[in-house]
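A.B. asks: Take a look at data26.tsv, TSV, C-alpha atoms:
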```tsv
chain	number	residue	atom	x	y	z
A	242	MET	CA	84.53	-119.38	-6.34
A	243	VAL	CA	83.83	-121.48	-9.44
A	244	THR	CA	86.26	-123.99	-10.90
A	245	LEU	CA	86.12	-124.81	-14.61
A	246	ARG	CA	86.36	-128.57	-14.25
A	247	PRO	CA	85.67	-130.79	-17.30
A	248	GLY	CA	82.37	-132.61	-16.82
A	249	SER	CA	81.08	-130.23	-14.13
A	250	HIS	CA	77.74	-128.42	-14.42
A	251	VAL	CA	79.35	-125.09	-15.21
A	252	TRP	CA	81.62	-126.72	-17.79
A	253	ARG	CA	78.68	-128.37	-19.55
A	254	LEU	CA	76.63	-125.18	-19.50
A	255	LEU	CA	79.47	-123.10	-20.94
A	256	THR	CA	80.12	-125.78	-23.58
A	257	VAL	CA	76.52	-125.65	-24.79
A	258	LEU	CA	76.40	-121.84	-24.78
A	259	SER	CA	79.70	-121.63	-26.65
A	260	ALA	CA	78.15	-123.74	-29.41
A	261	VAL	CA	74.59	-122.43	-29.71
A	262	GLY	CA	74.59	-118.99	-28.06
A	263	GLU	CA	71.57	-119.44	-25.79
A	264	PHE	CA	69.80	-122.17	-23.84
A	265	PRO	CA	66.19	-122.46	-22.56
A	266	ALA	CA	65.99	-122.15	-18.79
A	267	GLN	CA	63.12	-124.66	-18.70
A	268	SER	CA	65.39	-127.38	-20.15
A	269	LEU	CA	68.24	-127.28	-17.62
A	270	HIS	CA	67.36	-130.84	-16.62
A	271	LEU	CA	68.95	-131.97	-19.90
A	272	LEU	CA	72.35	-130.88	-18.57
A	273	GLY	CA	72.16	-132.57	-15.18
A	274	SER	CA	70.46	-131.98	-11.85
A	275	GLU	CA	67.83	-129.31	-12.49
A	276	ARG	CA	67.87	-128.00	-8.91
A	277	SER	CA	71.66	-127.71	-8.85
A	278	LEU	CA	71.77	-126.02	-12.24
A	279	GLU	CA	69.08	-123.49	-11.31
A	280	LYS	CA	71.12	-122.52	-8.25
A	281	LEU	CA	74.27	-122.36	-10.36
A	282	VAL	CA	72.67	-120.11	-12.98
A	283	HIS	CA	71.46	-117.76	-10.23
A	284	ARG	CA	75.00	-117.61	-8.79
A	285	LEU	CA	76.58	-116.97	-12.16
A	286	GLU	CA	74.35	-113.96	-12.73
A	287	SER	CA	76.59	-112.22	-10.16
A	288	PRO	CA	80.38	-111.79	-10.37
A	289	GLN	CA	82.25	-114.93	-9.28
A	290	GLU	CA	85.94	-115.72	-8.94
A	291	ILE	CA	86.74	-118.22	-11.69
A	292	ARG	CA	89.58	-120.70	-11.42
A	293	SER	CA	91.03	-123.18	-13.88
A	294	LEU	CA	91.38	-126.87	-13.13
A	295	ASP	CA	94.96	-126.36	-11.88
A	296	GLY	CA	93.80	-123.70	-9.41
A	297	ALA	CA	94.93	-120.63	-11.34
A	298	VAL	CA	92.67	-117.60	-10.84
A	299	LEU	CA	91.26	-116.51	-14.20
A	300	GLY	CA	89.52	-113.42	-12.82
A	301	SER	CA	86.18	-112.33	-11.46
A	302	PHE	CA	83.33	-112.52	-13.99
A	303	LYS	CA	79.60	-112.31	-14.31
A	304	LEU	CA	79.17	-115.32	-16.56
A	305	LEU	CA	75.49	-115.45	-17.42
A	306	THR	CA	72.54	-113.23	-18.21
A	307	VAL	CA	68.95	-114.49	-18.08
A	308	SER	CA	66.07	-112.76	-19.84
A	309	GLY	CA	62.48	-113.46	-20.85
A	310	ARG	CA	59.65	-115.17	-19.02
A	311	ARG	CA	58.22	-118.68	-18.91
A	312	GLU	CA	59.03	-120.67	-22.06
A	313	LYS	CA	60.87	-117.64	-23.50
A	314	ARG	CA	63.28	-117.48	-20.55
A	315	THR	CA	66.70	-117.83	-22.08
A	316	ILE	CA	70.27	-118.10	-20.76
A	317	ARG	CA	73.20	-116.44	-22.55
A	318	LEU	CA	76.85	-115.71	-21.87
A	319	CYS	CA	77.78	-112.24	-20.67
A	320	LYS	CA	79.94	-110.38	-23.13
A	321	GLY	CA	82.60	-109.73	-20.49
A	322	ALA	CA	82.98	-113.46	-19.81
A	323	LEU	CA	83.75	-114.45	-23.40
A	324	PRO	CA	87.55	-114.68	-22.81
A	325	LEU	CA	86.83	-117.68	-20.54
A	326	LEU	CA	85.86	-119.68	-23.62
A	327	GLN	CA	89.55	-120.10	-24.35
A	328	SER	CA	89.69	-122.28	-21.24
A	329	LEU	CA	87.25	-124.68	-22.89
A	330	HIS	CA	89.10	-125.01	-26.19
A	331	PRO	CA	91.67	-122.90	-28.08
A	332	ALA	CA	89.20	-122.32	-30.91
A	333	ALA	CA	86.07	-121.78	-28.80
A	334	LEU	CA	86.31	-118.00	-28.58
A	335	SER	CA	87.08	-117.39	-32.25
A	336	ASN	CA	84.22	-119.69	-33.27
A	337	TYR	CA	81.79	-117.91	-30.95
A	338	LEU	CA	82.83	-114.49	-32.24
A	339	ALA	CA	82.42	-115.69	-35.82
A	340	MET	CA	78.84	-116.76	-35.13
A	341	TYR	CA	77.74	-114.14	-32.60
A	342	GLY	CA	80.42	-111.48	-32.96
A	343	ALA	CA	77.96	-108.58	-32.87
A	344	TYR	CA	76.42	-110.15	-29.77
A	345	ARG	CA	72.95	-109.50	-31.09
A	346	PHE	CA	70.29	-112.06	-30.24
A	347	SER	CA	66.82	-111.60	-31.64
A	348	SER	CA	63.97	-111.25	-29.16
A	349	ASN	CA	61.52	-112.46	-31.81
A	350	ASP	CA	59.67	-115.45	-30.37
A	351	ALA	CA	60.16	-117.59	-33.49
A	352	HIS	CA	63.93	-116.99	-33.45
A	353	VAL	CA	64.22	-117.71	-29.72
A	354	GLN	CA	62.22	-120.92	-29.97
A	355	ARG	CA	64.27	-122.00	-32.98
A	356	ASN	CA	67.51	-121.47	-31.07
A	357	HIS	CA	66.07	-123.36	-28.11
A	358	ARG	CA	65.19	-126.36	-30.29
A	359	VAL	CA	68.76	-126.54	-31.55
A	360	ALA	CA	70.17	-126.11	-28.03
A	361	GLU	CA	68.03	-128.94	-26.64
A	362	ALA	CA	69.04	-131.26	-29.47
A	363	LEU	CA	72.67	-130.47	-28.79
A	364	ALA	CA	72.19	-131.13	-25.05
A	365	ILE	CA	70.62	-134.54	-25.75
A	366	CYS	CA	73.57	-135.47	-27.97
A	367	LEU	CA	76.02	-134.20	-25.36
A	368	GLY	CA	74.36	-136.38	-22.73
A	369	ALA	CA	74.74	-139.40	-25.03
A	370	GLY	CA	78.50	-138.87	-25.30
A	371	VAL	CA	78.48	-137.27	-28.77
A	372	GLU	CA	81.00	-134.60	-29.77
A	373	VAL	CA	78.91	-131.44	-30.12
A	374	ARG	CA	81.47	-128.61	-30.08
A	375	PRO	CA	81.58	-127.05	-33.56
A	376	TYR	CA	85.07	-125.70	-32.95
A	377	ALA	CA	86.34	-129.24	-32.22
A	378	LEU	CA	84.92	-130.65	-35.47
A	379	PRO	CA	86.34	-130.31	-38.98
A	380	SER	CA	84.25	-128.25	-41.38
A	381	LEU	CA	82.13	-130.15	-43.90
A	382	GLN	CA	82.69	-129.58	-47.62
A	383	LYS	CA	81.16	-130.38	-51.01
A	384	GLN	CA	84.17	-130.32	-53.29
A	385	GLU	CA	85.32	-133.94	-53.26
A	386	ILE	CA	84.67	-137.33	-51.66
A	387	ARG	CA	86.95	-137.75	-48.64
A	388	GLN	CA	86.75	-138.71	-44.98
A	389	VAL	CA	86.17	-135.46	-43.13
A	390	VAL	CA	83.86	-136.49	-40.30
A	391	PRO	CA	85.69	-137.96	-37.25
A	392	GLY	CA	85.36	-141.64	-36.42
A	393	ARG	CA	83.47	-140.85	-33.19
A	394	PRO	CA	79.80	-139.76	-33.14
A	395	SER	CA	79.63	-136.04	-34.02
A	396	PHE	CA	76.75	-133.56	-34.06
A	397	TYR	CA	76.81	-130.69	-36.56
A	398	ILE	CA	74.29	-127.94	-35.80
A	399	ALA	CA	71.92	-126.88	-38.59
A	400	ARG	CA	73.46	-123.41	-38.78
A	401	ASN	CA	76.71	-124.90	-40.07
A	402	LEU	CA	74.95	-127.33	-42.42
A	403	LYS	CA	72.77	-124.70	-44.07
A	404	ARG	CA	75.54	-122.18	-44.66
A	405	LEU	CA	77.90	-124.33	-46.69
A	406	ASP	CA	76.74	-122.37	-49.72
A	407	ASN	CA	73.90	-120.03	-50.63
A	408	THR	CA	72.19	-122.60	-52.85
A	409	GLU	CA	71.69	-125.08	-50.03
A	410	MET	CA	70.72	-122.33	-47.61
A	411	ASN	CA	67.88	-121.28	-49.90
A	412	LYS	CA	66.65	-124.89	-50.04
A	413	THR	CA	66.78	-125.69	-46.33
A	414	ILE	CA	66.55	-122.43	-44.39
A	415	PHE	CA	62.87	-122.88	-43.53
A	416	THR	CA	62.99	-126.55	-42.56
A	417	ARG	CA	62.82	-127.78	-38.95
A	418	LEU	CA	66.20	-129.51	-39.05
A	419	THR	CA	68.24	-128.80	-35.89
A	420	GLY	CA	71.37	-130.64	-36.97
A	421	ALA	CA	72.92	-133.84	-38.28
A	422	LEU	CA	74.42	-136.62	-36.18
A	423	PHE	CA	77.22	-138.49	-37.94
A	424	CYS	CA	78.15	-141.96	-36.69
A	425	PRO	CA	80.66	-144.40	-38.20
A	426	ASP	CA	78.10	-146.01	-40.52
A	427	ILE	CA	75.01	-143.80	-40.42
A	428	CYS	CA	73.88	-140.17	-40.63
A	429	TYR	CA	70.81	-139.00	-38.71
A	430	ALA	CA	68.83	-135.89	-39.51
A	431	VAL	CA	67.86	-134.46	-36.11
A	432	TYR	CA	64.51	-132.77	-35.46
A	433	ASN	CA	63.06	-131.45	-32.19
A	434	ALA	CA	59.28	-131.42	-31.80
A	435	ARG	CA	59.50	-130.29	-28.15
A	436	GLY	CA	55.95	-130.32	-26.72
A	437	ALA	CA	53.93	-130.01	-29.93
A	438	VAL	CA	53.40	-132.10	-33.04
A	439	MET	CA	55.90	-130.97	-35.64
A	440	LYS	CA	54.56	-129.73	-38.94
A	441	TRP	CA	56.71	-131.12	-41.74
A	442	SER	CA	57.62	-128.54	-44.36
A	443	GLY	CA	56.68	-130.53	-47.43
A	444	MET	CA	59.29	-130.44	-50.19
A	445	GLY	CA	61.67	-128.56	-47.90
A	446	GLU	CA	62.27	-131.72	-45.90
A	447	PHE	CA	62.83	-133.75	-49.07
A	448	LYS	CA	65.47	-131.21	-50.11
A	449	THR	CA	67.00	-131.40	-46.66
A	450	ALA	CA	67.21	-135.21	-46.84
A	451	ASN	CA	68.87	-134.98	-50.25
A	452	HIS	CA	71.26	-132.31	-48.97
A	453	LEU	CA	72.27	-134.53	-46.03
A	454	THR	CA	72.72	-137.52	-48.32
A	455	GLU	CA	75.19	-135.53	-50.40
A	456	LEU	CA	77.05	-134.31	-47.30
A	457	ALA	CA	77.18	-137.83	-45.84
A	458	ARG	CA	78.50	-139.28	-49.09
A	459	MET	CA	81.18	-136.63	-49.61
A	460	ASN	CA	82.33	-136.29	-45.99
A	461	ALA	CA	81.75	-139.68	-44.37
A	462	GLY	CA	81.38	-142.28	-47.12
A	463	ILE	CA	77.76	-142.93	-46.07
A	464	PRO	CA	75.64	-143.59	-49.20
A	465	GLN	CA	72.22	-142.59	-47.87
A	466	ALA	CA	70.80	-140.32	-45.15
A	467	ASP	CA	67.47	-142.10	-44.66
A	468	HIS	CA	67.44	-142.08	-40.84
A	469	ALA	CA	66.11	-139.27	-38.64
A	470	LEU	CA	65.87	-138.62	-34.91
A	471	LEU	CA	62.70	-136.96	-33.67
A	472	LEU	CA	63.04	-135.51	-30.17
A	473	GLY	CA	59.95	-134.84	-28.06
A	474	GLU	CA	59.05	-134.04	-24.48
A	475	CYS	CA	56.82	-137.10	-23.96
A	476	MET	CA	55.59	-140.25	-25.69
A	477	ASP	CA	52.26	-138.57	-26.47
A	478	ILE	CA	54.10	-136.45	-29.06
A	479	ALA	CA	55.10	-139.65	-30.87
A	480	LEU	CA	51.48	-140.82	-30.86
A	481	GLN	CA	50.14	-137.50	-32.13
A	482	THR	CA	52.81	-137.45	-34.86
A	483	LEU	CA	51.63	-140.83	-36.12
A	484	LEU	CA	47.94	-139.91	-35.95
A	485	GLU	CA	48.54	-136.65	-37.82
A	486	SER	CA	50.44	-138.50	-40.55
A	487	ASP	CA	47.35	-140.66	-41.14
A	488	LYS	CA	45.44	-137.50	-42.08
A	489	SER	CA	47.93	-136.44	-44.74
A	490	LYS	CA	46.33	-135.84	-48.14
A	491	ARG	CA	49.68	-136.08	-49.93
A	492	MET	CA	51.22	-139.43	-49.13
A	493	GLU	CA	54.53	-138.50	-50.76
A	494	LEU	CA	55.04	-135.73	-48.18
A	495	ARG	CA	54.46	-137.89	-45.10
A	496	PHE	CA	57.43	-138.08	-42.75
A	497	ASP	CA	57.85	-141.83	-43.28
A	498	ARG	CA	58.22	-141.24	-47.02
A	499	ILE	CA	60.93	-138.63	-46.49
A	500	TYR	CA	62.94	-140.81	-44.06
A	501	GLN	CA	62.57	-144.59	-44.05
A	502	HIS	CA	63.50	-144.72	-40.37
A	503	ILE	CA	62.50	-142.13	-37.76
A	504	HIS	CA	63.63	-142.88	-34.22
A	505	TYR	CA	61.60	-141.12	-31.55
A	506	ILE	CA	63.83	-140.03	-28.64
A	507	PRO	CA	62.19	-138.73	-25.44
A	508	MET	CA	63.95	-135.66	-24.06
A	509	ASN	CA	65.05	-137.17	-20.75
A	510	SER	CA	67.70	-139.48	-19.34
A	511	GLN	CA	66.17	-142.57	-21.00
A	512	GLY	CA	66.30	-140.81	-24.35
A	513	MET	CA	69.99	-140.05	-23.91
A	514	ARG	CA	70.65	-143.69	-23.10
A	515	MET	CA	68.65	-144.80	-26.15
A	516	LEU	CA	70.64	-142.42	-28.31
A	517	ARG	CA	73.89	-143.78	-26.94
A	518	ILE	CA	72.84	-147.21	-28.23
A	519	LEU	CA	71.94	-145.75	-31.64
A	520	THR	CA	75.46	-144.33	-31.99
A	521	LEU	CA	77.17	-147.72	-31.59
A	522	PRO	CA	78.76	-149.20	-34.71
A	523	ASP	CA	76.30	-151.59	-36.39
A	524	TRP	CA	73.94	-151.01	-33.47
A	525	ASN	CA	70.92	-152.74	-35.00
A	526	GLU	CA	72.66	-156.07	-35.47
A	527	GLN	CA	74.29	-155.80	-32.04
A	528	MET	CA	70.96	-155.12	-30.36
A	529	LEU	CA	69.00	-157.84	-32.15
A	530	SER	CA	71.70	-160.40	-31.44
A	531	VAL	CA	71.49	-159.85	-27.67
A	532	VAL	CA	67.68	-159.80	-27.35
A	533	PHE	CA	66.76	-162.69	-29.67
A	534	PRO	CA	68.16	-166.25	-29.69
A	535	PRO	CA	69.81	-167.17	-33.01
A	536	GLU	CA	67.05	-169.64	-33.87
A	537	TRP	CA	64.44	-166.84	-33.69
A	538	ARG	CA	66.23	-164.64	-36.21
A	539	LEU	CA	64.89	-164.66	-39.77
A	540	PRO	CA	67.29	-166.12	-42.39
A	541	THR	CA	65.92	-163.82	-45.11
A	542	PRO	CA	64.19	-160.43	-45.05
A	543	SER	CA	60.46	-160.58	-44.41
A	544	THR	CA	57.78	-158.97	-46.57
A	545	VAL	CA	56.33	-157.39	-43.39
A	546	GLU	CA	58.06	-155.42	-40.65
A	547	CYS	CA	59.54	-157.91	-38.19
A	548	ASP	CA	62.90	-158.89	-36.70
A	549	ALA	CA	62.34	-162.40	-35.37
A	550	GLN	CA	59.87	-165.28	-35.25
A	551	ARG	CA	58.90	-167.46	-32.30
A	552	ASP	CA	56.79	-170.44	-33.33
A	553	THR	CA	54.02	-168.83	-35.41
A	554	SER	CA	54.39	-165.33	-33.91
A	555	LEU	CA	56.29	-162.58	-35.68
A	556	ILE	CA	58.24	-160.15	-33.46
A	557	LEU	CA	59.17	-156.53	-34.07
A	558	SER	CA	61.76	-154.77	-31.94
A	559	HIS	CA	60.79	-151.20	-31.07
A	560	LEU	CA	63.84	-150.71	-28.86
A	561	ASP	CA	65.18	-148.24	-31.40
A	562	GLY	CA	61.99	-146.14	-31.20
A	563	ASP	CA	61.48	-146.32	-34.99
A	564	ILE	CA	57.97	-144.91	-35.52
A	565	ALA	CA	58.20	-145.12	-39.32
A	566	ARG	CA	58.26	-148.91	-39.00
A	567	LEU	CA	55.14	-148.74	-36.85
A	568	VAL	CA	53.26	-147.05	-39.70
A	569	ARG	CA	54.20	-149.88	-42.02
A	570	LEU	CA	53.41	-152.47	-39.35
A	571	ARG	CA	49.90	-151.15	-38.72
A	572	GLN	CA	49.21	-151.15	-42.44
A	573	ALA	CA	50.38	-154.78	-42.67
A	574	LEU	CA	48.24	-155.83	-39.70
A	575	GLU	CA	45.14	-154.85	-41.66
A	576	HIS	CA	45.84	-157.62	-44.15
A	577	THR	CA	47.07	-160.53	-42.01
A	578	ASP	CA	45.94	-162.63	-39.07
A	579	ILE	CA	49.44	-163.75	-38.10
A	580	PRO	CA	50.08	-163.31	-34.34
A	581	TYR	CA	52.37	-160.32	-33.69
A	582	GLU	CA	54.51	-159.29	-30.74
A	583	VAL	CA	56.40	-156.03	-30.18
A	584	LEU	CA	59.45	-155.79	-27.92
A	585	CYS	CA	59.72	-152.44	-26.18
A	586	PHE	CA	60.89	-150.50	-23.12
A	587	PRO	CA	58.38	-150.03	-20.26
A	588	TRP	CA	57.76	-146.35	-20.98
A	589	GLN	CA	56.85	-147.15	-24.61
A	590	SER	CA	54.08	-149.63	-23.75
A	591	MET	CA	51.13	-147.25	-23.33
A	592	PHE	CA	52.01	-145.39	-26.52
A	593	LEU	CA	52.26	-148.63	-28.51
A	594	HIS	CA	48.99	-149.95	-27.10
A	595	ARG	CA	47.18	-146.74	-28.06
A	596	TYR	CA	48.55	-146.83	-31.60
A	597	LEU	CA	48.47	-150.57	-32.37
A	598	GLY	CA	45.60	-151.59	-30.08
A	599	ASP	CA	45.07	-155.19	-29.02
A	600	ARG	CA	46.24	-156.55	-32.35
A	601	VAL	CA	49.78	-157.05	-30.99
A	602	GLN	CA	51.14	-158.41	-27.74
A	603	LEU	CA	53.67	-156.19	-26.02
A	604	ARG	CA	56.78	-157.55	-24.35
A	605	GLU	CA	58.90	-155.30	-22.15
A	606	ILE	CA	62.65	-155.32	-21.57
A	607	GLY	CA	64.68	-153.21	-19.15
A	608	LEU	CA	66.98	-150.56	-20.61
A	609	GLU	CA	69.67	-151.24	-18.04
A	610	ALA	CA	69.70	-154.93	-18.91
A	611	LEU	CA	70.09	-154.10	-22.59
A	612	GLU	CA	72.96	-151.73	-21.83
A	613	THR	CA	74.66	-154.46	-19.80
A	614	ALA	CA	74.24	-156.98	-22.62
A	615	LEU	CA	75.73	-154.48	-25.08
A	616	GLY	CA	78.67	-153.75	-22.78
A	617	ILE	CA	77.68	-150.11	-22.22
A	618	GLU	CA	79.00	-148.61	-19.00
A	619	THR	CA	76.68	-146.06	-17.39
A	620	SER	CA	78.56	-145.27	-14.19
A	621	ASP	CA	80.13	-142.02	-15.46
A	622	ALA	CA	76.82	-140.68	-16.70
A	623	ALA	CA	75.14	-141.69	-13.47
A	624	LYS	CA	77.70	-139.68	-11.51
A	625	ASN	CA	76.92	-136.42	-13.33
A	626	GLY	CA	73.19	-136.89	-12.93
A	627	LEU	CA	72.30	-137.52	-16.57
A	628	ILE	CA	71.40	-141.17	-16.10
A	629	ARG	CA	69.13	-142.80	-13.56
A	630	ARG	CA	68.85	-146.55	-13.23
A	631	ASP	CA	65.09	-146.75	-13.65
A	632	TYR	CA	64.17	-150.27	-14.62
A	633	GLY	CA	64.85	-153.82	-13.61
A	634	ASP	CA	66.37	-156.80	-15.32
A	635	ALA	CA	65.38	-157.75	-18.85
A	636	ARG	CA	64.83	-161.30	-17.68
A	637	SER	CA	61.78	-160.28	-15.67
A	638	GLU	CA	58.38	-161.64	-16.63
A	639	GLY	CA	57.35	-160.55	-20.11
A	640	GLY	CA	60.85	-159.94	-21.41
A	641	PHE	CA	62.78	-161.99	-23.94
A	642	GLU	CA	65.48	-164.07	-22.42
A	643	ARG	CA	68.38	-165.17	-24.52
A	644	PRO	CA	69.49	-168.75	-23.69
A	645	SER	CA	72.82	-169.00	-21.94
```
The structure in this file should be written as structure tokens.

C.D. replies:
Amino acid sequence: MVTLRPGSHVWRLLTVLSAVGEFPAQSLHLLGSERSLEKLVHRLESPQEIRSLDGAVLGSFKLLTVSGRREKRTIRLCKGALPLLQSLHPAALSNYLAMYGAYRFSSNDAHVQRNHRVAEALAICLGAGVEVRPYALPSLQKQEIRQVVPGRPSFYIARNLKRLDNTEMNKTIFTRLTGALFCPDICYAVYNARGAVMKWSGMGEFKTANHLTELARMNAGIPQADHALLLGECMDIALQTLLESDKSKRMELRFDRIYQHIHYIPMNSQGMRMLRILTLPDWNEQMLSVVFPPEWRLPTPSTVECDAQRDTSLILSHLDGDIARLVRLRQALEHTDIPYEVLCFPWQSMFLHRYLGDRVQLREIGLEALETALGIETSDAAKNGLIRRDYGDARSEGGFERPS
């Protein structure tokens, strides 16, 4: 017997599949306990009695089908179980039928991997508390300037962004965009590098950035879409992305010229917690105000990348994972002898040392301590297995302590 309980593993899995059609079996850890989910998927490949939250029997269904091998192994809903989508949301079934009505999924490797990238991006956003269900979000438009996007963080998958009209689809269909994350005061273009360095599609990404800027302006009152999220399986992907950008022969097509800010988000529980911070209203000012004393903050913008100054040392906060700022920082370090410090999370240290070398001094701060200072509660996420409390207090040796 399986109960469709909001927040449960089966509920989260069905929610993701209702939105994106298929999910990579190798990425189940993004939805909770990997061991529990693997057992659940195996169970749901056989008929199970399904009950609603109030105990009503909805019927006996085979919910899932799994096909492919290794990285191509993919999870999809069984056609006979589609009526259960109405238990998730009144519009879930009609939305699914509109997108996958013929129930035909390509077995082409490029198509499968593309769908998996989008599914993983959606799962990361779901774990960060973002609204990801397309049937629960109002449709975007390009007719007039009005507030369409909800006030809460909302993720729109690329499929819905590209198909607003044929003109935009022709411009952006071959880009690597997986979706757009709208927050109250910012719009992020979301990319998923997975386990390999992403190859930027030249002018296609410029057109995508311009397309998102127009959507953000007309649907959310956001004047510019100059922020992007880059998801990756490990910090080495961030390093390789930066090193590859140094080899670019066309500077105008480098990723940091397309988006002024690119936040690298590891595809794990820490990445979800980072993303939750990046969806807070005015998150940058909130974060800087809790990690730096007021007297360290700079009264006017600096000509080099930095957020604070302690005595003669300039300090850059990398707590937002912005790798575009690191490019500009390394360029600036070639022309100055000013002492530099970088504030980071423990898992970012090795990556930063390999990219910036000994030219900067690294200072670590605990993620949990930052969440506490920002007033972010993690107990609910910890209960469903998406968040682990990995690191100690920010006031440990090497961290920045704000005076009480």

A.B. asks: Residues near A:Leu299, anyone? I mean within 9 Å using all atoms listed in the file, not counting same-chain ones fewer than 6 positions away, as a compact mmCIF listing (two decimals) with C-alpha atoms, in the coordinates of the input.

C.D. replies:
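Result saved to selection22.txt:
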```
# COMPACT_ATOMS: atom_id res chain seq x y z
CA GLU A 290 85.94 -115.72 -8.94
CA ILE A 291 86.74 -118.22 -11.69
CA ARG A 292 89.58 -120.70 -11.42
CA SER A 293 91.03 -123.18 -13.88
CA LEU A 325 86.83 -117.68 -20.54
```

A.B. asks: Near A:Gln354, counting only C-alpha atoms, which residues have an atom at most 10 Å away, once you skip same-chain residues fewer than 2 positions from it, shown as a list in words?

C.D. replies: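 Selected residues are Phe264, Pro265, Glu312, Lys313, Thr315, Ser348, Asn349, Asp350, Ala351, His352, Asn356, His357, Arg358, Val359, Ala360 and Arg435 of chain A.
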
A.B. asks: May I ask for the distance between atom CA of A:Gly300 and atom CA of A:Ala266, given in Å to one decimal place?

C.D. replies: 25.8 Å

A.B. asks: Residues near A:Arg551, anyone? I mean within 9 Å using all atoms listed in the file, not counting same-chain ones fewer than 4 positions away, as a ChimeraX atom specification.

C.D. replies: /A:536-538,555-556

A.B. asks: Which is closest to A:Arg317 among A:Leu470, A:Leu405, A:Val532, A:Val282, if we use all atoms listed in the file?

C.D. replies: A:Val282

A.B. asks: Just checking: using all atoms listed in the file, which residue out of A:Met515, A:Leu615, A:Ile398, A:Leu584 ends up closest to A:Leu603?

C.D. replies: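 Closest to A:Leu603, using all atoms listed in the file: A:Leu584.
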
A.B. asks: Can you tell me how far atom CA of A:Ala364 sits from atom CA of A:Leu269, in Å to one decimal?

C.D. replies: 9.3 Å

A.B. asks: Could you name the residues that touch A:Leu294 at 7 Å or less, counting all atoms listed in the file, but leaving out those on the same chain fewer than 6 positions away, as number ranges by chain?

C.D. replies: A: 244-246
